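Chemist: File follows, structure19.txt with compact mmCIF, C-alpha atoms:
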```
# COMPACT_ATOMS: atom_id res chain seq x y z
CA MET T 1 140.45 84.71 -198.43
CA THR T 2 139.35 84.02 -201.99
CA ASN T 3 142.09 83.51 -204.50
CA GLN T 4 141.87 83.94 -208.22
CA THR T 5 143.35 80.64 -209.33
CA GLY T 6 141.25 78.57 -207.03
CA SER T 7 144.28 76.93 -205.47
CA ASP T 8 144.14 76.45 -201.71
CA ASP T 9 147.84 77.22 -201.36
CA GLU T 10 147.57 80.92 -202.04
CA GLY T 11 146.66 83.79 -199.75
CA VAL T 12 147.04 84.20 -196.03
CA LYS T 13 146.26 81.06 -194.10
CA LEU T 14 145.01 81.67 -190.62
CA THR T 15 145.91 79.32 -187.84
CA GLU T 16 143.08 77.73 -185.94
CA LEU T 17 143.54 80.18 -183.06
CA GLN T 18 143.60 83.23 -185.33
CA SER T 19 140.49 82.08 -187.08
CA LYS T 20 138.67 81.36 -183.82
CA ARG T 21 139.60 84.73 -182.34
CA ARG T 22 138.53 86.52 -185.51
CA GLY T 23 135.13 84.85 -185.19
CA GLN T 24 134.87 85.95 -181.56
CA ARG T 25 135.83 89.52 -182.48
CA ASN T 26 133.25 89.62 -185.25
CA LEU T 27 130.57 88.36 -182.88
CA ALA T 28 131.54 90.98 -180.28
CA ILE T 29 131.46 93.79 -182.86
CA GLY T 30 128.07 92.57 -184.10
CA LEU T 31 126.64 92.51 -180.58
CA ALA T 32 128.13 95.94 -179.80
CA LEU T 33 126.55 97.41 -182.93
CA LEU T 34 123.22 95.83 -182.09
CA GLY T 35 123.46 97.25 -178.57
CA PHE T 36 124.29 100.67 -179.98
CA VAL T 37 121.27 100.62 -182.28
CA CYS T 38 118.96 99.56 -179.43
CA LEU T 39 120.46 102.23 -177.18
CA PHE T 40 119.85 105.00 -179.69
CA TYR T 41 116.37 103.74 -180.42
CA ALA T 42 115.49 103.76 -176.72
CA MET T 43 117.09 107.17 -176.23
CA THR T 44 115.05 108.60 -179.06
CA ILE T 45 111.82 107.18 -177.62
CA VAL T 46 112.60 108.52 -174.15
CA LYS T 47 113.45 111.97 -175.51
CA LEU T 48 110.44 112.12 -177.80
CA SER T 49 108.15 111.18 -174.91
CA GLY T 50 109.45 114.19 -172.99
CA GLY T 51 111.73 112.28 -170.68
CA MET T 52 114.03 115.24 -170.06
CA HIS T 53 113.51 117.14 -166.82
CA HIS T 54 113.96 120.84 -167.29
CA MET P 1 147.90 89.58 -203.00
CA SER P 2 151.31 88.38 -204.08
CA ASP P 3 151.66 85.06 -205.79
CA VAL P 4 153.85 83.76 -203.02
CA THR P 5 152.11 81.69 -200.41
CA ARG P 6 152.43 83.32 -197.01
CA SER P 7 151.54 81.75 -193.74
CA SER P 8 149.84 83.90 -191.17
CA ASP P 9 152.78 83.90 -188.80
CA GLN P 10 154.83 85.91 -191.30
CA ILE P 11 152.44 88.83 -191.22
CA GLU P 12 150.62 90.59 -188.44
CA VAL P 13 147.37 88.74 -187.85
CA SER P 14 145.60 89.43 -184.61
CA THR P 15 144.93 86.74 -182.06
CA ALA P 16 143.10 89.16 -179.81
CA GLY P 17 139.82 88.03 -178.32
CA PRO P 18 137.08 90.32 -176.99
CA GLY P 19 138.54 89.95 -173.48
CA ASP P 20 141.80 91.53 -174.63
CA PHE P 21 139.95 94.59 -175.84
CA LEU P 22 138.14 94.78 -172.54
CA ALA P 23 141.53 94.67 -170.80
CA LEU P 24 142.65 97.61 -172.97
CA MET P 25 139.93 99.68 -171.34
CA LYS P 26 141.47 99.24 -167.86
CA PRO P 27 138.33 97.79 -166.23
CA ARG P 28 139.53 98.55 -162.70
CA VAL P 29 140.02 102.22 -163.50
CA MET P 30 136.67 102.17 -165.28
CA SER P 31 134.91 100.81 -162.21
CA LEU P 32 136.33 103.68 -160.15
CA VAL P 33 135.22 106.14 -162.84
CA ILE P 34 131.69 104.67 -162.83
CA PHE P 35 131.57 104.96 -159.06
CA THR P 36 132.82 108.57 -158.82
CA ALA P 37 130.77 109.76 -161.81
CA PHE P 38 127.67 108.12 -160.33
CA VAL P 39 128.25 109.94 -157.04
CA GLY P 40 128.68 113.21 -158.96
CA MET P 41 125.35 112.52 -160.69
CA LEU P 42 123.39 111.62 -157.58
CA VAL P 43 124.74 114.46 -155.45
CA ALA P 44 123.72 116.95 -158.15
CA PRO P 45 120.55 118.89 -157.33
CA SER P 46 118.72 118.44 -160.64
CA GLY P 47 118.25 115.29 -162.61
CA LEU P 48 117.77 113.44 -165.84
CA ASN P 49 115.38 110.69 -166.78
CA PRO P 50 116.83 107.50 -165.14
CA PHE P 51 117.40 105.84 -168.50
CA LEU P 52 119.27 108.85 -169.89
CA MET P 53 121.22 108.97 -166.63
CA ALA P 54 122.26 105.32 -167.10
CA VAL P 55 123.26 106.02 -170.72
CA SER P 56 125.27 109.04 -169.57
CA LEU P 57 127.06 106.94 -166.97
CA LEU P 58 127.80 104.27 -169.58
CA SER P 59 129.17 106.94 -171.93
CA ILE P 60 131.47 108.34 -169.24
CA ALA P 61 132.70 104.82 -168.44
CA VAL P 62 133.32 103.98 -172.10
CA GLY P 63 135.06 107.34 -172.60
CA ALA P 64 137.36 106.50 -169.69
CA GLY P 65 137.97 103.06 -171.20
CA ALA P 66 138.79 104.65 -174.54
CA ALA P 67 141.32 106.93 -172.86
CA GLY P 68 142.81 103.85 -171.19
CA ALA P 69 143.12 102.07 -174.55
CA LEU P 70 144.79 105.09 -176.15
CA ASN P 71 147.13 105.35 -173.17
CA MET P 72 148.11 101.69 -173.59
CA TRP P 73 148.64 102.26 -177.32
CA TYR P 74 151.08 105.09 -176.68
CA ASP P 75 152.77 103.61 -173.62
CA ALA P 76 153.33 100.10 -174.99
CA ASP P 77 157.12 100.66 -174.95
CA ILE P 78 157.28 101.46 -171.23
CA ASP P 79 154.62 98.91 -170.34
CA ALA P 80 156.90 96.25 -171.84
CA VAL P 81 159.66 96.90 -169.29
CA MET P 82 157.66 97.34 -166.10
CA SER P 83 156.74 94.23 -164.12
CA ARG P 84 153.28 95.63 -163.27
CA THR P 85 152.37 96.12 -166.96
CA THR P 86 154.19 93.51 -169.09
CA LYS P 87 151.09 91.33 -169.27
CA ARG P 88 148.97 94.10 -170.81
CA PRO P 89 147.47 93.21 -174.22
CA ILE P 90 149.94 95.15 -176.41
CA PRO P 91 153.31 94.34 -174.77
CA SER P 92 152.25 90.68 -174.53
CA GLY P 93 151.55 90.71 -178.29
CA ARG P 94 147.86 89.78 -178.15
CA VAL P 95 146.66 93.12 -179.53
CA THR P 96 148.51 95.07 -182.20
CA PRO P 97 149.16 98.79 -181.55
CA ASN P 98 147.02 99.80 -184.54
CA GLU P 99 144.09 97.77 -183.27
CA ALA P 100 144.35 99.52 -179.90
CA LEU P 101 144.55 102.94 -181.55
CA ALA P 102 141.51 102.32 -183.74
CA PHE P 103 139.58 100.83 -180.82
CA GLY P 104 140.38 103.82 -178.59
CA LEU P 105 139.50 106.41 -181.23
CA VAL P 106 136.20 104.79 -182.17
CA LEU P 107 135.15 104.46 -178.54
CA SER P 108 136.20 108.05 -177.77
CA LEU P 109 134.11 109.43 -180.57
CA GLY P 110 131.16 107.15 -179.81
CA SER P 111 131.14 107.93 -176.08
CA VAL P 112 131.37 111.71 -176.54
CA ILE P 113 128.57 111.79 -179.14
CA THR P 114 126.35 109.51 -177.05
CA LEU P 115 126.87 111.61 -173.92
CA GLY P 116 126.10 114.77 -175.89
CA LEU P 117 122.83 113.27 -177.09
CA ALA P 118 121.82 111.64 -173.81
CA ALA P 119 122.76 114.54 -171.51
CA ASN P 120 124.12 117.81 -172.86
CA VAL P 121 126.95 119.39 -174.84
CA LEU P 122 128.77 120.64 -171.73
CA ALA P 123 129.14 117.13 -170.30
CA ALA P 124 130.19 115.79 -173.72
CA GLY P 125 132.74 118.59 -174.05
CA LEU P 126 134.15 117.83 -170.62
CA LEU P 127 134.43 114.13 -171.51
CA ALA P 128 136.19 114.98 -174.78
CA PHE P 129 138.53 117.33 -172.92
CA THR P 130 139.27 114.62 -170.33
CA ILE P 131 140.22 112.09 -173.02
CA PHE P 132 142.36 114.72 -174.79
CA PHE P 133 143.96 115.79 -171.52
CA TYR P 134 144.77 112.21 -170.47
CA LEU P 135 146.12 111.16 -173.85
CA VAL P 136 147.88 114.26 -175.15
CA ILE P 137 148.75 116.41 -172.15
CA TYR P 138 149.49 113.58 -169.72
CA THR P 139 150.46 110.44 -171.66
CA MET P 140 152.20 111.96 -174.68
CA TRP P 141 153.67 115.11 -173.21
CA LEU P 142 154.16 115.43 -169.47
CA LYS P 143 154.35 111.86 -168.21
CA ARG P 144 157.83 111.35 -169.64
CA LEU P 145 158.93 114.95 -169.06
CA THR P 146 158.21 116.00 -165.51
CA PRO P 147 158.30 114.33 -162.09
CA GLN P 148 154.98 116.10 -161.35
CA ASN P 149 153.44 113.75 -163.97
CA ILE P 150 151.22 112.13 -161.36
CA VAL P 151 149.72 115.49 -160.41
CA ILE P 152 148.80 116.12 -164.06
CA GLY P 153 147.49 112.57 -164.55
CA GLY P 154 145.45 112.96 -161.37
CA ALA P 155 143.54 115.80 -162.96
CA ALA P 156 142.34 113.49 -165.73
CA GLY P 157 141.20 110.95 -163.16
CA ALA P 158 139.41 113.67 -161.21
CA PHE P 159 137.11 114.80 -164.00
CA PRO P 160 134.47 111.98 -163.95
CA PRO P 161 132.42 113.25 -160.97
CA MET P 162 132.48 116.71 -162.56
CA ILE P 163 131.25 115.23 -165.85
CA GLY P 164 128.54 113.34 -163.97
CA TRP P 165 127.47 116.55 -162.25
CA ALA P 166 127.50 118.43 -165.59
CA ALA P 167 125.41 115.67 -167.22
CA MET P 168 122.70 116.22 -164.62
CA THR P 169 122.79 119.99 -164.19
CA ASN P 170 124.34 121.31 -167.42
CA SER P 171 126.70 123.35 -165.23
CA VAL P 172 130.03 123.35 -163.42
CA SER P 173 129.65 124.55 -159.85
CA ILE P 174 131.69 124.80 -156.65
CA GLU P 175 130.40 121.40 -155.49
CA SER P 176 131.61 119.64 -158.61
CA ILE P 177 134.93 121.48 -158.38
CA VAL P 178 135.34 120.17 -154.82
CA LEU P 179 134.56 116.61 -156.01
CA PHE P 180 137.25 117.17 -158.65
CA LEU P 181 139.77 118.57 -156.14
CA LEU P 182 139.20 115.63 -153.80
CA ILE P 183 140.50 113.12 -156.36
CA PHE P 184 143.07 115.60 -157.69
CA THR P 185 144.79 116.10 -154.32
CA TRP P 186 144.34 112.44 -153.38
CA THR P 187 146.20 111.10 -156.41
CA PRO P 188 149.78 112.29 -155.65
CA PRO P 189 150.11 110.75 -152.17
CA HIS P 190 148.34 107.60 -153.40
CA PHE P 191 150.65 107.05 -156.37
CA TRP P 192 153.88 108.29 -154.81
CA ALA P 193 153.41 105.83 -151.96
CA LEU P 194 153.23 103.10 -154.64
CA ALA P 195 156.13 104.65 -156.57
CA LEU P 196 158.34 104.51 -153.46
CA LEU P 197 157.63 100.79 -153.28
CA LYS P 198 158.12 100.21 -157.03
CA LEU P 199 161.08 102.57 -157.45
CA ASP P 200 163.20 100.21 -159.56
CA ASP P 201 160.38 99.58 -162.01
CA TYR P 202 159.94 103.24 -162.89
CA ALA P 203 163.71 103.83 -163.03
CA ARG P 204 164.06 100.96 -165.53
CA ALA P 205 161.24 102.31 -167.70
CA GLY P 206 162.84 105.78 -167.74
CA VAL P 207 159.67 107.44 -166.45
CA PRO P 208 160.67 110.48 -164.38
CA MET P 209 158.62 109.53 -161.34
CA LEU P 210 159.32 111.84 -158.43
CA PRO P 211 161.24 109.29 -156.30
CA VAL P 212 163.48 108.49 -159.29
CA VAL P 213 164.26 112.13 -160.12
CA ALA P 214 164.07 114.02 -156.84
CA GLY P 215 164.89 111.19 -154.45
CA GLU P 216 162.98 109.41 -151.75
CA LYS P 217 163.15 112.16 -149.15
CA ALA P 218 161.71 114.83 -151.44
CA THR P 219 158.92 112.40 -152.38
CA ARG P 220 158.11 111.74 -148.75
CA THR P 221 157.90 115.51 -148.17
CA GLN P 222 155.59 115.91 -151.18
CA ILE P 223 153.37 113.06 -149.93
CA LEU P 224 152.97 114.94 -146.66
CA LEU P 225 152.34 118.30 -148.37
CA TYR P 226 149.63 116.89 -150.63
CA SER P 227 148.08 115.06 -147.68
CA ILE P 228 147.88 118.37 -145.78
CA LEU P 229 146.06 119.81 -148.81
CA LEU P 230 143.85 116.74 -149.16
CA VAL P 231 142.40 116.60 -145.66
CA PRO P 232 140.56 119.99 -145.72
CA VAL P 233 139.41 119.32 -149.30
CA GLY P 234 138.06 115.98 -148.03
CA ILE P 235 136.04 117.75 -145.33
CA ALA P 236 134.90 120.59 -147.67
CA PRO P 237 131.67 118.87 -148.84
CA TYR P 238 130.47 119.06 -145.22
CA TRP P 239 131.37 122.76 -144.94
CA LEU P 240 129.66 123.46 -148.25
CA GLY P 241 126.54 121.63 -147.14
CA PHE P 242 126.33 118.80 -149.67
CA GLY P 243 127.89 116.36 -147.20
CA GLY P 244 125.90 115.69 -144.02
CA ILE P 245 127.00 115.31 -140.41
CA ALA P 246 128.04 111.66 -140.95
CA TYR P 247 130.23 112.78 -143.83
CA GLY P 248 131.72 115.54 -141.67
CA ILE P 249 132.70 113.11 -138.91
CA ILE P 250 133.97 110.32 -141.18
CA SER P 251 135.99 112.64 -143.43
CA THR P 252 137.62 114.24 -140.39
CA VAL P 253 138.56 110.92 -138.78
CA LEU P 254 139.81 109.32 -141.99
CA GLY P 255 141.66 112.53 -142.88
CA GLY P 256 143.41 112.36 -139.51
CA VAL P 257 144.53 108.77 -140.18
CA PHE P 258 145.70 109.74 -143.68
CA LEU P 259 147.74 112.60 -142.27
CA ALA P 260 149.22 110.42 -139.50
CA LEU P 261 150.40 107.84 -142.06
CA ALA P 262 151.86 110.57 -144.28
CA MET P 263 153.69 112.07 -141.29
CA ARG P 264 155.12 108.70 -140.34
CA ILE P 265 156.43 108.28 -143.89
CA ARG P 266 158.02 111.74 -143.76
CA LEU P 267 159.44 111.65 -140.25
CA SER P 268 160.69 108.09 -139.96
CA THR P 269 164.34 107.35 -140.65
CA ASP P 270 164.02 103.57 -140.66
CA ARG P 271 163.76 102.28 -144.24
CA ALA P 272 161.71 99.26 -143.25
CA VAL P 273 159.21 101.45 -141.38
CA ILE P 274 159.01 103.86 -144.34
CA ARG P 275 158.35 101.03 -146.77
CA ARG P 276 155.74 99.50 -144.51
CA SER P 277 154.06 102.88 -144.04
CA CYS P 278 154.04 103.47 -147.80
CA GLY P 279 152.27 100.14 -148.27
CA LYS P 280 149.78 101.11 -145.56
CA LEU P 281 149.17 104.58 -146.99
CA PHE P 282 148.65 103.15 -150.48
CA GLY P 283 146.05 100.69 -149.19
CA PHE P 284 144.44 103.22 -146.86
CA SER P 285 144.23 105.88 -149.57
CA ILE P 286 142.00 103.59 -151.65
CA LEU P 287 139.77 103.02 -148.62
CA TYR P 288 139.75 106.76 -147.87
CA LEU P 289 138.50 107.86 -151.27
CA THR P 290 136.03 104.99 -151.59
CA VAL P 291 134.51 105.61 -148.17
CA LEU P 292 134.20 109.39 -148.62
CA TYR P 293 132.42 109.00 -151.96
CA ALA P 294 130.31 106.13 -150.61
CA VAL P 295 129.19 108.23 -147.63
CA LEU P 296 128.15 111.07 -149.96
CA LEU P 297 126.22 108.50 -151.98
CA VAL P 298 124.52 106.88 -148.99
CA GLU P 299 123.60 110.25 -147.46
CA ARG P 300 122.03 111.28 -150.74
CA LEU P 301 120.13 107.98 -151.10
CA VAL P 302 118.84 108.23 -147.52
CA HIS P 303 117.78 111.81 -148.24
CA LEU P 304 115.99 110.70 -151.40
CA VAL P 305 114.15 107.94 -149.55
```
Produce structure tokens that represent the structure in this file.

Modeler:
Amino acid sequence: MTNQTGSDDEGVKLTELQSKRRGQRNLAIGLALLGFVCLFYAMTIVKLSGGMHH
Amino acid sequence: MSDVTRSSDQIEVSTAGPGDFLALMKPRVMSLVIFTAFVGMLVAPSGLNPFLMAVSLLSIAVGAGAAGALNMWYDADIDAVMSRTTKRPIPSGRVTPNEALAFGLVLSLGSVITLGLAANVLAAGLLAFTIFFYLVIYTMWLKRLTPQNIVIGGAAGAFPPMIGWAAMTNSVSIESIVLFLLIFTWTPPHFWALALLKLDDYARAGVPMLPVVAGEKATRTQILLYSILLVPVGIAPYWLGFGGIAYGIISTVLGGVFLALAMRIRLSTDRAVIRRSCGKLFGFSILYLTVLYAVLLVERLVHLV
């Protein structure tokens, strides 16, 4: 976290584990979002090309 | 931010990894949901484009996972005192309750919208109702209030094949109601057999499971009564024509074994025999449901080929 005085002592300091897990969570959220976008793109293409059986 | 330096162990900072969030979704329950919903989809007479079908199945699975996460958020207090559940992400402290709540809500919304777009509004509505039913009616309201909690919870678990059917046909029909009833009547004997074995756990958590409230004998009677209901429901797909001859034979034989185990639990007076039979019925009940659904699936696949 950025602090206004520039001192390293201020703000919340994450432990190594907390920081590592946060990175993993961010990566997972990023991948999930990417998957979601791809899914909706593909769904749109399938629907536009008349993929629904009626 | 205050001007006092705070280390991260003084405030709530998550140490949850992606695996913990996956655990929140109850992957084992999800795999059962995927299986039963898939059978509901394949048995249905009309169909969707295979890709949209896969997306629908994914949505149903994620919706079930979301309901699981919301259930764990609300039940963290009782999960903390039961041996079977103390290692779950919230009671073990890996995931904070707010994280689980947000995770569950986002996934619920996402899965319902996706299913609505991939399949139809009826299926999406049924999925939304299932999540609502499991979280509000079962988890928040009746689970801690009535010893018939398992019966209510069973209804939530029974919806997936009906949702799968609705995704394919945009309808709710007698066949999908039978697929629903099969899981609905299966759940009480399945869980009460486990509850009789884990009696102390539920008593400690203050959950009014039937054996805790009504006693062991009443529970054994109820196991038998629900098994008597279950067996004809299990054979019904054959009578209704969407299960073939193989299904008819297998469901009758397995139903007979189910009933025999339930009768032994009810009629025996020897505690050791009762306990052993409960263990057997619990294990067999999983086999029973899996095999019946698998036979429906295989018959359908053979028919398609």

Chemist: My list of candidates is P:Ala23, P:Ala195, P:Ala262, P:Leu297. Which is closest to Gly243 of chain P when distances are computed with all atoms listed in the file?

Modeler: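 Nearest candidate to Gly243 of chain P out of P:Ala23, P:Ala195, P:Ala262, P:Leu297: P:Leu297.
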
Chemist: Atom CA of Leu109 of chain P and atom CA of Ser171 of chain P, how far apart in Å?

Modeler: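 About the pair atom CA of Ser171 of chain P and atom CA of Leu109 of chain P: they are 22.0 Å apart.
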
Chemist: Measure the distance from atom CA of Trp186 of chain P to atom CA of Ala218 of chain P in Å and round it to one decimal.

Modeler: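 Going from atom CA of Trp186 of chain P over to atom CA of Ala218 of chain P, I get 17.6 Å.
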
Chemist: Could you pull the residues within 10 Å of Met43 of chain T, counting only C-alpha atoms, minus those fewer than 6 positions along the same chain, as a list in words?

Modeler: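 Listing them by chain and then by number gives Val37, Ser49 and Gly51 of chain T; Phe51, Leu52, Val55, Thr114, Leu117 and Ala118 of chain P.
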
Chemist: Can you tell me, as a ChimeraX atom specification, which residues sit within 12 Å of (133.1, 92.4, -179.7) in the file's frame, using all atoms listed in the file?

Modeler: /T:21-35 /P:16-22,103

Chemist: Extract, using all atoms listed in the file, all DNA, RNA and protein residues at most 12 Å from Val302 of chain P, discarding same-chain residues fewer than 2 positions from it, and format them as a PyMOL selection string.

Modeler: chain P and resi 42-43+244+246+295-300+304-305

Chemist: Check the smallest atom-to-atom distance from each of P:Met30, P:Leu289, P:Val39, P:Ala54 to Ala42 of chain T using only C-alpha atoms, then report the winner.

Modeler: P:Ala54

Chemist: For the atom pair atom CA of Gly68 of chain P and atom CA of Val29 of chain P, what is the interatomic distance in Å to one decimal place?

Modeler: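 The value is 8.3 Å.
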
Chemist: Give me the residues within 12 Å of Tyr247 of chain P as a PyMOL selection string, counting only C-alpha atoms and dropping any in the same chain fewer than 3 places off.

Modeler: chain P and resi 234-244+250-255+288+291-300

Chemist: List as a PyMOL selection string the protein and nucleic acid residues near Gly125 of chain P, meaning an atom at most 10 Å away when all atoms listed in the file are counted, but skip any in the same chain fewer than 2 places from it.

Modeler: chain P and resi 112-113+115-116+120-123+127-131+163+166

Chemist: Check the smallest atom-to-atom distance from each of T:Lys47, T:Cys38, T:Glu10, T:Lys20 to chain P using only C-alpha atoms, then report the winner.

Modeler: T:Glu10

Chemist: Write out as a list in words each polymer residue whose atoms come within 9 Å of Thr169 of chain P, counting all atoms listed in the file; drop sequence neighbours fewer than 2 positions from it.

Modeler: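 Once the nearby chain positions are removed, what remains is Met41, Ala44, Pro45, Ser46, Gly47, Leu48, Gly164, Trp165, Ala166, Ala167, Ser171 and Val172 of chain P.
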
Chemist: Under the rule that all atoms listed in the file are counted, which of T:Leu39, T:Leu14, T:Thr44, T:Gly50 is the nearest residue to Ser59 of chain P?

Modeler: T:Leu39

Chemist: Segment 32-47 of chain T from the block above, N, CA, C and O atoms, as an mmCIF file, in the first residue's frame, please?

Modeler:
```cif
data_model
loop_
_atom_site.group_PDB
_atom_site.id
_atom_site.type_symbol
_atom_site.label_atom_id
_atom_site.label_comp_id
_atom_site.auth_asym_id
_atom_site.auth_seq_id
_atom_site.Cartn_x
_atom_site.Cartn_y
_atom_site.Cartn_z
ATOM 1 N N ALA T 32 -10.519 -16.304 -14.455
ATOM 2 C CA ALA T 32 -11.971 -16.522 -14.461
ATOM 3 C C ALA T 32 -12.653 -15.476 -15.340
ATOM 4 O O ALA T 32 -13.547 -15.803 -16.124
ATOM 5 N N LEU T 33 -12.218 -14.236 -15.219
ATOM 6 C CA LEU T 33 -12.812 -13.168 -16.044
ATOM 7 C C LEU T 33 -12.551 -13.407 -17.535
ATOM 8 O O LEU T 33 -13.441 -13.262 -18.358
ATOM 9 N N LEU T 34 -11.325 -13.803 -17.821
ATOM 10 C CA LEU T 34 -10.966 -14.098 -19.208
ATOM 11 C C LEU T 34 -11.846 -15.232 -19.747
ATOM 12 O O LEU T 34 -12.376 -15.154 -20.856
ATOM 13 N N GLY T 35 -12.006 -16.272 -18.932
ATOM 14 C CA GLY T 35 -12.851 -17.405 -19.311
ATOM 15 C C GLY T 35 -14.281 -16.956 -19.562
ATOM 16 O O GLY T 35 -14.921 -17.379 -20.529
ATOM 17 N N PHE T 36 -14.764 -16.087 -18.709
ATOM 18 C CA PHE T 36 -16.129 -15.572 -18.810
ATOM 19 C C PHE T 36 -16.321 -14.811 -20.122
ATOM 20 O O PHE T 36 -17.315 -14.993 -20.820
ATOM 21 N N VAL T 37 -15.341 -13.979 -20.447
ATOM 22 C CA VAL T 37 -15.406 -13.202 -21.695
ATOM 23 C C VAL T 37 -15.419 -14.145 -22.901
ATOM 24 O O VAL T 37 -16.248 -14.011 -23.805
ATOM 25 N N CYS T 38 -14.519 -15.129 -22.884
ATOM 26 C CA CYS T 38 -14.453 -16.088 -23.995
ATOM 27 C C CYS T 38 -15.764 -16.858 -24.111
ATOM 28 O O CYS T 38 -16.273 -17.088 -25.219
ATOM 29 N N LEU T 39 -16.315 -17.251 -22.963
ATOM 30 C CA LEU T 39 -17.563 -18.008 -22.937
ATOM 31 C C LEU T 39 -18.696 -17.217 -23.581
ATOM 32 O O LEU T 39 -19.428 -17.726 -24.434
ATOM 33 N N PHE T 40 -18.805 -15.952 -23.200
ATOM 34 C CA PHE T 40 -19.885 -15.126 -23.745
ATOM 35 C C PHE T 40 -19.669 -14.814 -25.221
ATOM 36 O O PHE T 40 -20.627 -14.738 -25.986
ATOM 37 N N TYR T 41 -18.410 -14.670 -25.599
ATOM 38 C CA TYR T 41 -18.117 -14.452 -27.009
ATOM 39 C C TYR T 41 -18.572 -15.670 -27.818
ATOM 40 O O TYR T 41 -19.317 -15.547 -28.795
ATOM 41 N N ALA T 42 -18.169 -16.856 -27.351
ATOM 42 C CA ALA T 42 -18.512 -18.084 -28.064
ATOM 43 C C ALA T 42 -20.026 -18.302 -28.088
ATOM 44 O O ALA T 42 -20.592 -18.703 -29.107
ATOM 45 N N MET T 43 -20.686 -18.006 -26.960
ATOM 46 C CA MET T 43 -22.137 -18.163 -26.900
ATOM 47 C C MET T 43 -22.830 -17.259 -27.927
ATOM 48 O O MET T 43 -23.778 -17.663 -28.592
ATOM 49 N N THR T 44 -22.328 -16.056 -28.006
ATOM 50 C CA THR T 44 -22.915 -15.101 -28.953
ATOM 51 C C THR T 44 -22.767 -15.614 -30.379
ATOM 52 O O THR T 44 -23.712 -15.593 -31.166
ATOM 53 N N ILE T 45 -21.552 -16.090 -30.716
ATOM 54 C CA ILE T 45 -21.311 -16.605 -32.065
ATOM 55 C C ILE T 45 -22.247 -17.780 -32.365
ATOM 56 O O ILE T 45 -22.884 -17.836 -33.420
ATOM 57 N N VAL T 46 -22.337 -18.712 -31.406
ATOM 58 C CA VAL T 46 -23.186 -19.892 -31.615
ATOM 59 C C VAL T 46 -24.643 -19.471 -31.817
ATOM 60 O O VAL T 46 -25.327 -19.954 -32.713
ATOM 61 N N LYS T 47 -25.100 -18.529 -30.992
ATOM 62 C CA LYS T 47 -26.502 -18.104 -31.110
ATOM 63 C C LYS T 47 -26.749 -17.343 -32.410
ATOM 64 O O LYS T 47 -27.778 -17.529 -33.060
#
```
